[in-house]
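Asks: So I've got this file, start-v5.cif, and it contains mmCIF, C-alpha atoms and all ligand atoms:
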```cif
data_final
#
loop_
_atom_site.label_atom_id
_atom_site.label_comp_id
_atom_site.auth_asym_id
_atom_site.auth_seq_id
_atom_site.Cartn_x
_atom_site.Cartn_y
_atom_site.Cartn_z
CA MET A 1 -78.72 112.92 -96.28
CA ASN A 2 -82.15 112.06 -94.93
CA SER A 3 -82.72 112.71 -91.26
CA PRO A 4 -81.30 109.76 -89.33
CA LEU A 5 -83.58 107.19 -87.69
CA ILE A 6 -81.28 107.27 -84.68
CA ARG A 7 -81.99 110.63 -83.08
CA ALA A 8 -79.68 110.55 -80.07
CA ILE A 9 -76.66 108.70 -78.71
CA MET A 10 -76.19 108.69 -74.95
CA LEU A 11 -72.57 108.29 -73.95
CA ASP A 12 -70.93 107.31 -70.69
CA TRP A 13 -67.79 109.20 -69.65
CA ALA A 14 -64.88 107.25 -68.04
CA GLY A 15 -63.87 104.25 -70.15
CA THR A 16 -66.15 105.31 -73.02
CA THR A 17 -65.17 108.82 -74.14
CA VAL A 18 -62.36 109.73 -71.70
CA ASP A 19 -59.91 107.88 -69.43
CA HIS A 20 -58.89 104.72 -71.36
CA GLY A 21 -59.36 101.77 -68.99
CA SER A 22 -61.48 103.83 -66.56
CA MET A 23 -58.43 104.31 -64.33
CA ALA A 24 -59.37 107.45 -62.36
CA PRO A 25 -62.24 105.98 -60.31
CA VAL A 26 -60.16 102.90 -59.40
CA LEU A 27 -57.12 104.91 -58.30
CA ALA A 28 -59.32 107.27 -56.28
CA LEU A 29 -61.18 104.41 -54.58
CA GLN A 30 -57.91 102.66 -53.76
CA ALA A 31 -56.49 105.90 -52.31
CA LEU A 32 -59.67 106.34 -50.27
CA PHE A 33 -59.54 102.88 -48.72
CA ALA A 34 -55.76 103.15 -48.21
CA GLN A 35 -56.51 106.13 -45.94
CA HIS A 36 -58.36 103.58 -43.78
CA GLU A 37 -55.59 100.98 -44.02
CA ILE A 38 -57.48 98.77 -46.43
CA ASP A 39 -55.78 97.54 -49.62
CA LEU A 40 -58.65 97.60 -52.08
CA LEU A 41 -58.13 95.04 -54.85
CA ASN A 42 -58.41 96.25 -58.42
CA GLU A 43 -61.21 93.75 -59.11
CA ASP A 44 -63.14 94.84 -56.00
CA ALA A 45 -62.88 98.50 -57.07
CA ARG A 46 -64.09 97.63 -60.57
CA ARG A 47 -66.90 95.19 -59.72
CA ASP A 48 -69.69 97.77 -59.34
CA MET A 49 -68.23 100.47 -61.58
CA GLY A 50 -70.80 102.78 -63.15
CA LEU A 51 -72.86 103.30 -60.01
CA LEU A 52 -73.15 106.75 -58.47
CA LYS A 53 -69.98 106.97 -56.41
CA ARG A 54 -71.83 107.04 -53.09
CA ASP A 55 -73.68 103.83 -54.06
CA HIS A 56 -70.39 102.38 -55.30
CA ILE A 57 -68.68 103.02 -51.93
CA ARG A 58 -71.62 101.35 -50.16
CA ALA A 59 -71.32 98.33 -52.47
CA ILE A 60 -67.57 98.03 -51.76
CA LEU A 61 -68.12 98.21 -47.98
CA ALA A 62 -70.65 95.40 -48.35
CA LEU A 63 -68.09 93.04 -49.97
CA PRO A 64 -67.41 90.29 -47.39
CA ASN A 65 -63.58 90.72 -47.41
CA VAL A 66 -63.76 94.52 -47.10
CA ARG A 67 -66.48 94.35 -44.45
CA ALA A 68 -64.47 91.88 -42.39
CA LYS A 69 -61.29 93.95 -42.64
CA TRP A 70 -63.16 97.14 -41.70
CA SER A 71 -64.74 95.44 -38.67
CA THR A 72 -61.38 94.09 -37.48
CA LEU A 73 -59.71 97.48 -37.84
CA THR A 74 -62.43 99.62 -36.29
CA GLY A 75 -64.26 97.22 -34.02
CA GLN A 76 -67.56 97.92 -35.74
CA GLU A 77 -69.47 96.90 -38.86
CA PRO A 78 -69.56 99.63 -41.53
CA GLY A 79 -72.97 101.30 -41.84
CA GLU A 80 -74.54 104.30 -43.55
CA ALA A 81 -72.59 106.77 -41.38
CA GLN A 82 -69.32 105.28 -42.66
CA VAL A 83 -70.58 105.47 -46.26
CA SER A 84 -71.17 109.21 -45.70
CA VAL A 85 -67.72 109.75 -44.20
CA LEU A 86 -66.00 107.89 -47.05
CA PHE A 87 -68.03 109.69 -49.71
CA GLU A 88 -67.02 113.06 -48.17
CA GLU A 89 -63.36 112.04 -48.30
CA PHE A 90 -63.71 110.61 -51.80
CA GLY A 91 -64.60 113.92 -53.52
CA PRO A 92 -61.25 115.72 -53.08
CA LEU A 93 -59.26 112.53 -53.84
CA GLN A 94 -61.20 111.96 -57.02
CA MET A 95 -60.77 115.59 -58.11
CA LYS A 96 -57.00 115.32 -57.80
CA ILE A 97 -56.82 112.07 -59.76
CA ILE A 98 -59.40 113.02 -62.41
CA GLU A 99 -57.23 115.88 -63.61
CA ARG A 100 -54.51 113.42 -64.56
CA HIS A 101 -56.89 110.86 -66.10
CA SER A 102 -59.47 112.68 -68.18
CA LYS A 103 -57.79 112.57 -71.57
CA LEU A 104 -60.03 111.83 -74.52
CA ILE A 105 -59.85 108.30 -75.88
CA PRO A 106 -58.39 108.32 -79.44
CA GLY A 107 -61.00 108.76 -82.16
CA VAL A 108 -63.73 110.07 -79.85
CA ALA A 109 -63.70 113.73 -80.93
CA GLU A 110 -63.86 112.91 -84.66
CA THR A 111 -66.45 110.16 -84.25
CA VAL A 112 -68.82 112.27 -82.17
CA LYS A 113 -68.39 115.33 -84.40
CA ASN A 114 -69.38 113.20 -87.35
CA TRP A 115 -72.55 112.01 -85.57
CA GLN A 116 -73.43 115.57 -84.62
CA ASP A 117 -72.89 116.70 -88.23
CA ARG A 118 -75.38 114.02 -89.29
CA GLY A 119 -77.99 115.57 -87.01
CA ILE A 120 -77.71 113.04 -84.16
CA ARG A 121 -77.89 114.65 -80.72
CA ILE A 122 -75.36 113.57 -78.07
CA GLY A 123 -76.36 113.10 -74.44
CA SER A 124 -74.21 111.80 -71.58
CA THR A 125 -74.54 110.17 -68.18
CA THR A 126 -72.02 109.16 -65.52
CA GLY A 127 -71.38 107.91 -62.00
CA TYR A 128 -69.59 111.20 -61.25
CA THR A 129 -71.40 114.00 -59.45
CA ARG A 130 -71.65 117.33 -61.27
CA GLN A 131 -68.76 118.69 -59.24
CA MET A 132 -66.55 115.78 -60.33
CA LEU A 133 -67.69 115.93 -63.95
CA ALA A 134 -67.19 119.70 -64.38
CA PRO A 135 -63.38 119.60 -64.93
CA VAL A 136 -63.70 116.51 -67.17
CA LEU A 137 -66.33 118.25 -69.29
CA ALA A 138 -64.14 121.37 -69.61
CA GLN A 139 -61.07 119.33 -70.60
CA ALA A 140 -63.09 117.31 -73.14
CA ALA A 141 -64.47 120.50 -74.71
CA GLN A 142 -60.95 121.82 -75.07
CA ASP A 143 -59.92 118.57 -76.76
CA GLY A 144 -62.85 118.70 -79.19
CA TYR A 145 -65.58 116.56 -77.58
CA ARG A 146 -68.72 118.54 -76.74
CA PRO A 147 -71.84 116.53 -75.97
CA ASP A 148 -75.12 118.42 -76.40
CA ALA A 149 -76.28 117.46 -72.90
CA SER A 150 -74.93 115.90 -69.72
CA VAL A 151 -76.79 114.70 -66.65
CA CYS A 152 -75.17 113.57 -63.38
CA PRO A 153 -76.76 111.29 -60.78
CA ASP A 154 -77.05 114.15 -58.27
CA GLU A 155 -79.34 115.87 -60.78
CA ALA A 156 -81.77 112.92 -60.99
CA SER A 157 -83.71 111.05 -58.32
CA ALA A 158 -81.33 108.07 -58.62
CA GLY A 159 -78.19 107.04 -60.49
CA ARG A 160 -77.74 103.86 -62.56
CA PRO A 161 -79.20 101.36 -63.10
CA ALA A 162 -82.26 103.65 -62.91
CA PRO A 163 -83.02 105.20 -66.33
CA TRP A 164 -83.69 108.74 -65.06
CA MET A 165 -80.42 110.33 -66.21
CA LEU A 166 -81.06 109.00 -69.72
CA MET A 167 -84.69 110.18 -69.63
CA LYS A 168 -83.54 113.61 -68.55
CA ASN A 169 -81.04 113.77 -71.42
CA ALA A 170 -83.81 112.76 -73.84
CA GLU A 171 -85.99 115.57 -72.49
CA LEU A 172 -83.16 118.13 -72.67
CA LEU A 173 -82.45 117.08 -76.26
CA ASP A 174 -86.16 116.76 -77.12
CA VAL A 175 -85.71 113.27 -78.59
CA TYR A 176 -88.17 110.37 -78.50
CA PRO A 177 -89.18 107.57 -78.58
CA PRO A 178 -86.50 105.72 -76.56
CA ILE A 179 -85.92 103.24 -79.42
CA ALA A 180 -84.59 106.18 -81.47
CA CYS A 181 -81.81 106.45 -78.87
CA VAL A 182 -78.65 104.37 -78.38
CA LYS A 183 -76.89 104.12 -75.03
CA ILE A 184 -73.15 103.36 -75.18
CA GLY A 185 -71.10 102.50 -72.08
CA ASP A 186 -68.35 100.26 -70.74
CA THR A 187 -69.94 98.63 -67.68
CA VAL A 188 -72.69 96.16 -66.87
CA ILE A 189 -74.51 98.95 -65.07
CA ASP A 190 -74.41 101.14 -68.20
CA ILE A 191 -76.17 98.35 -70.09
CA GLU A 192 -78.78 97.93 -67.35
CA GLU A 193 -79.39 101.69 -67.42
CA GLY A 194 -79.90 101.66 -71.20
CA ARG A 195 -82.21 98.67 -71.10
CA ASN A 196 -84.24 100.20 -68.29
CA ALA A 197 -84.70 103.28 -70.47
CA GLY A 198 -85.87 101.15 -73.43
CA MET A 199 -82.94 102.25 -75.59
CA TRP A 200 -80.58 100.24 -77.81
CA THR A 201 -77.40 99.39 -75.94
CA ILE A 202 -73.79 99.00 -77.07
CA GLY A 203 -71.16 97.80 -74.58
CA LEU A 204 -67.51 98.79 -75.03
CA THR A 205 -64.64 96.42 -74.29
CA ARG A 206 -61.09 97.56 -75.10
CA THR A 207 -61.26 101.09 -73.68
CA GLY A 208 -63.38 100.27 -70.66
CA ASN A 209 -63.60 99.06 -67.10
CA LEU A 210 -63.97 95.34 -67.87
CA ILE A 211 -60.48 95.20 -69.34
CA GLY A 212 -59.31 98.08 -67.18
CA LEU A 213 -56.00 98.91 -68.85
CA SER A 214 -54.44 102.18 -69.98
CA ALA A 215 -53.74 102.39 -73.72
CA ALA A 216 -50.03 101.72 -73.08
CA ASP A 217 -50.69 98.64 -70.91
CA TRP A 218 -53.13 97.31 -73.50
CA GLU A 219 -50.52 97.68 -76.25
CA SER A 220 -48.00 95.72 -74.18
CA LEU A 221 -50.21 92.59 -74.11
CA SER A 222 -49.65 89.76 -76.56
CA LEU A 223 -52.25 89.35 -79.29
CA THR A 224 -53.49 86.14 -77.65
CA GLU A 225 -53.88 87.87 -74.31
CA GLN A 226 -55.72 90.77 -75.98
CA GLN A 227 -58.11 88.35 -77.72
CA GLN A 228 -58.80 86.51 -74.45
CA ARG A 229 -59.58 89.72 -72.58
CA LEU A 230 -61.81 90.99 -75.39
CA ARG A 231 -63.70 87.71 -75.43
CA LYS A 232 -64.28 87.76 -71.68
CA ALA A 233 -65.46 91.40 -71.66
CA THR A 234 -67.75 90.70 -74.62
CA GLU A 235 -69.34 87.76 -72.80
CA THR A 236 -69.92 89.86 -69.68
CA LEU A 237 -71.59 92.68 -71.62
CA ARG A 238 -73.65 90.23 -73.68
CA SER A 239 -74.83 88.48 -70.50
CA ALA A 240 -75.88 91.87 -69.15
CA GLY A 241 -78.15 92.15 -72.18
CA ALA A 242 -76.15 94.45 -74.46
CA ASP A 243 -77.68 94.53 -77.93
CA PHE A 244 -74.21 94.97 -79.43
CA VAL A 245 -70.58 95.03 -78.28
CA ALA A 246 -67.70 97.05 -79.79
CA GLU A 247 -64.04 97.58 -78.93
CA ASP A 248 -64.24 101.38 -78.79
CA LEU A 249 -66.43 104.31 -79.81
CA PRO A 250 -65.25 104.62 -83.43
CA ALA A 251 -66.09 100.91 -83.89
CA CYS A 252 -69.74 101.76 -83.12
CA ASN A 253 -70.24 103.30 -86.57
CA ALA A 254 -70.86 99.95 -88.24
CA ILE A 255 -73.29 99.02 -85.44
CA LEU A 256 -75.26 102.25 -85.80
CA ALA A 257 -75.81 101.36 -89.45
CA GLN A 258 -77.19 97.97 -88.33
CA ILE A 259 -79.48 99.63 -85.80
CA GLU A 260 -80.78 101.99 -88.48
CA GLU A 261 -81.53 99.00 -90.71
CA LYS A 262 -83.45 97.37 -87.88
CA LEU A 263 -85.37 100.56 -87.15
CA ALA A 264 -86.20 100.93 -90.85
CA ALA A 265 -87.58 97.38 -90.74
CA GLY A 266 -89.73 98.24 -87.72
CA LEU A 267 -87.65 96.17 -85.29
CA GLU A 268 -87.04 97.06 -81.65
CA PRO A 269 -84.03 96.42 -79.40
CA PHE A 270 -83.73 92.66 -78.97
CA ALA A 271 -82.93 90.51 -75.95
CA ARG A 272 -85.78 92.16 -74.08
CA VAL A 273 -87.73 90.33 -71.41
MG MG B 1 -67.59 104.17 -67.64
#
```
Mind converting the file's structure to structure tokens?
Ligand SMILES: [Mg+2]
Replies:
Amino acid sequence: MNSPLIRAIMLDWAGTTVDHGSMAPVLALQALFAQHEIDLLNEDARRDMGLLKRDHIRAILALPNVRAKWSTLTGQEPGEAQVSVLFEEFGPLQMKIIERHSKLIPGVAETVKNWQDRGIRIGSTTGYTRQMLAPVLAQAAQDGYRPDASVCPDEASAGRPAPWMLMKNAELLDVYPPIACVKIGDTVIDIEEGRNAGMWTIGLTRTGNLIGLSAADWESLSLTEQQQRLRKATETLRSAGADFVAEDLPACNAILAQIEEKLAAGLEPFARV
């Protein structure tokens, strides 16, 4: 076939290619705060998902309920020193939990292989540091998913929503302009990152953080409940400015065809300000 108009696809990790429901970061954050006698609510752990984990911990400590609880327990307001302490403790906890929650999401290996066979390069970005991503990357490779590049926030001057990790992937893969690239992720912050880089964006619902369920828990929901959750996640991603929304990675195939049609017609990502 002719060389594709889409030259690269930039994929997020947890909730997009591995770890259905983006469970590992939530369990690790809850274990971290439990060490400090704070019961971290699922929704509070998920609210700022996608940020570099250090930034994410800072955002959680700034939540009024967590801040108040911390102050009551310790007699002082949490500051940057506490963010550092928690981030230090987070690494080992996350490593333990990641190993149990880094399975590939069904369909990912085949879908990505097909894109690569078409000549599309695959980049990836994450909120994990390189140390945290290393075992996930190795497990994914074993299971048949091998992106052509990966960049972690500790390898760029800032994590999401800054576009630098995506820019660095583009440079590593030698692909440009940004409108020839598609960013796919499962959080609001993934969409902001993609928009800031000037790339097309696709938000994922069923496998991601906004629904936040393992494959088994998802299957146990009634059809009505599933539809409601999908609708809510779609609205959130759309409001964040996602050009398109899909249930999972394999469902992005039809969207890529639409993006190629738009590119062929000289159109750029829409919903831009
Ligand atoms: Mg994710």
Asks: Ligand MG 1 (chain B): which residues are within 9 Å, counting only C-alpha atoms and all ligand atoms, as an NGL selection string?
Replies: :A and (12-19 or 21-22 or 49-50 or 126-127 or 185-187 or 190 or 208-209)
Asks: With distances taken over all atoms listed in the file, which of A:Ile98, A:Gln258, A:Arg146, A:Leu61 is nearest to Thr111 in chain A?
Replies: A:Arg146
Asks: At a cut-off of 10 Å, using all atoms listed in the file, what residues contact Glu260 in chain A? Leave out same-chain residues fewer than 5 positions from it and give the result as number ranges by chain.
Replies: A: 4-6, 180, 255, 265-267
Asks: If we count only C-alpha atoms, what is near Phe90 in chain A at a cut-off of 12 Å, once residues fewer than 4 positions away on the same chain are taken out, given as a compact mmCIF listing (two decimals) with C-alpha atoms, keeping the file's coordinate frame?
Replies:
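Written output follows (out-v4.txt):
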```
# COMPACT_ATOMS: atom_id res chain seq x y z
CA ALA A 24 -59.37 107.45 -62.36
CA PRO A 25 -62.24 105.98 -60.31
CA VAL A 26 -60.16 102.90 -59.40
CA LEU A 27 -57.12 104.91 -58.30
CA ALA A 28 -59.32 107.27 -56.28
CA LEU A 29 -61.18 104.41 -54.58
CA GLN A 30 -57.91 102.66 -53.76
CA ALA A 31 -56.49 105.90 -52.31
CA LEU A 32 -59.67 106.34 -50.27
CA PHE A 33 -59.54 102.88 -48.72
CA ALA A 34 -55.76 103.15 -48.21
CA GLN A 35 -56.51 106.13 -45.94
CA HIS A 36 -58.36 103.58 -43.78
CA LYS A 53 -69.98 106.97 -56.41
CA ARG A 54 -71.83 107.04 -53.09
CA HIS A 56 -70.39 102.38 -55.30
CA ILE A 57 -68.68 103.02 -51.93
CA GLN A 82 -69.32 105.28 -42.66
CA VAL A 83 -70.58 105.47 -46.26
CA SER A 84 -71.17 109.21 -45.70
CA VAL A 85 -67.72 109.75 -44.20
CA LEU A 86 -66.00 107.89 -47.05
CA GLN A 94 -61.20 111.96 -57.02
CA MET A 95 -60.77 115.59 -58.11
CA LYS A 96 -57.00 115.32 -57.80
CA ILE A 97 -56.82 112.07 -59.76
CA ILE A 98 -59.40 113.02 -62.41
CA TYR A 128 -69.59 111.20 -61.25
CA THR A 129 -71.40 114.00 -59.45
CA MET A 132 -66.55 115.78 -60.33
```
Asks: Excluding Gly107 in chain A and any residue of its chain fewer than 4 positions from it, enumerate the residues within 9 Å of it, using only C-alpha atoms, and give them as a PyMOL selection string.
Replies: chain A and resi 111-112+248-250
Asks: Centre and edge lengths, as AutoDock Vina command-line options, for the axis-aligned box enclosing every listed atom of range 72-86 of chain A with 3 Å of padding on each of the six sides, in Å to one decimal?
Replies:
```
--center_x -67.1 --center_y 101.9 --center_z -40.5 --size_x 20.8 --size_y 21.7 --size_z 19.0
```
Asks: Considering all atoms listed in the file, can you say which of A:Cys252, A:Val66, A:Leu230, A:Leu133 comes closest to Leu210 in chain A?
Replies: A:Leu230
Asks: Under the rule that only C-alpha atoms are counted, which of A:Val188, A:Ala141, A:Leu237, A:Leu11 is the nearest residue to Asp48 in chain A?
Replies: A:Val188
Asks: So which residues fall inside 12 Å of (-58.8, 96.4, -69.5) if we count all atoms listed in the file? Mind giving them as a short mmCIF file (atom, residue, chain, number, x, y, z; two decimals) with C-alpha atoms, keeping the file's coordinate frame?
Replies:
```cif
data_model
loop_
_atom_site.label_atom_id
_atom_site.label_comp_id
_atom_site.auth_asym_id
_atom_site.auth_seq_id
_atom_site.Cartn_x
_atom_site.Cartn_y
_atom_site.Cartn_z
CA GLY A 15 -63.87 104.25 -70.15
CA ASP A 19 -59.91 107.88 -69.43
CA HIS A 20 -58.89 104.72 -71.36
CA GLY A 21 -59.36 101.77 -68.99
CA SER A 22 -61.48 103.83 -66.56
CA MET A 23 -58.43 104.31 -64.33
CA ASN A 42 -58.41 96.25 -58.42
CA GLU A 43 -61.21 93.75 -59.11
CA ARG A 46 -64.09 97.63 -60.57
CA ASP A 186 -68.35 100.26 -70.74
CA THR A 187 -69.94 98.63 -67.68
CA LEU A 204 -67.51 98.79 -75.03
CA THR A 205 -64.64 96.42 -74.29
CA ARG A 206 -61.09 97.56 -75.10
CA THR A 207 -61.26 101.09 -73.68
CA GLY A 208 -63.38 100.27 -70.66
CA ASN A 209 -63.60 99.06 -67.10
CA LEU A 210 -63.97 95.34 -67.87
CA ILE A 211 -60.48 95.20 -69.34
CA GLY A 212 -59.31 98.08 -67.18
CA LEU A 213 -56.00 98.91 -68.85
CA SER A 214 -54.44 102.18 -69.98
CA ALA A 215 -53.74 102.39 -73.72
CA ALA A 216 -50.03 101.72 -73.08
CA ASP A 217 -50.69 98.64 -70.91
CA TRP A 218 -53.13 97.31 -73.50
CA GLU A 219 -50.52 97.68 -76.25
CA SER A 220 -48.00 95.72 -74.18
CA LEU A 221 -50.21 92.59 -74.11
CA GLU A 225 -53.88 87.87 -74.31
CA GLN A 226 -55.72 90.77 -75.98
CA GLN A 227 -58.11 88.35 -77.72
CA GLN A 228 -58.80 86.51 -74.45
CA ARG A 229 -59.58 89.72 -72.58
CA LEU A 230 -61.81 90.99 -75.39
CA ARG A 231 -63.70 87.71 -75.43
CA LYS A 232 -64.28 87.76 -71.68
CA ALA A 233 -65.46 91.40 -71.66
CA THR A 234 -67.75 90.70 -74.62
CA GLU A 247 -64.04 97.58 -78.93
CA ASP A 248 -64.24 101.38 -78.79
#
```
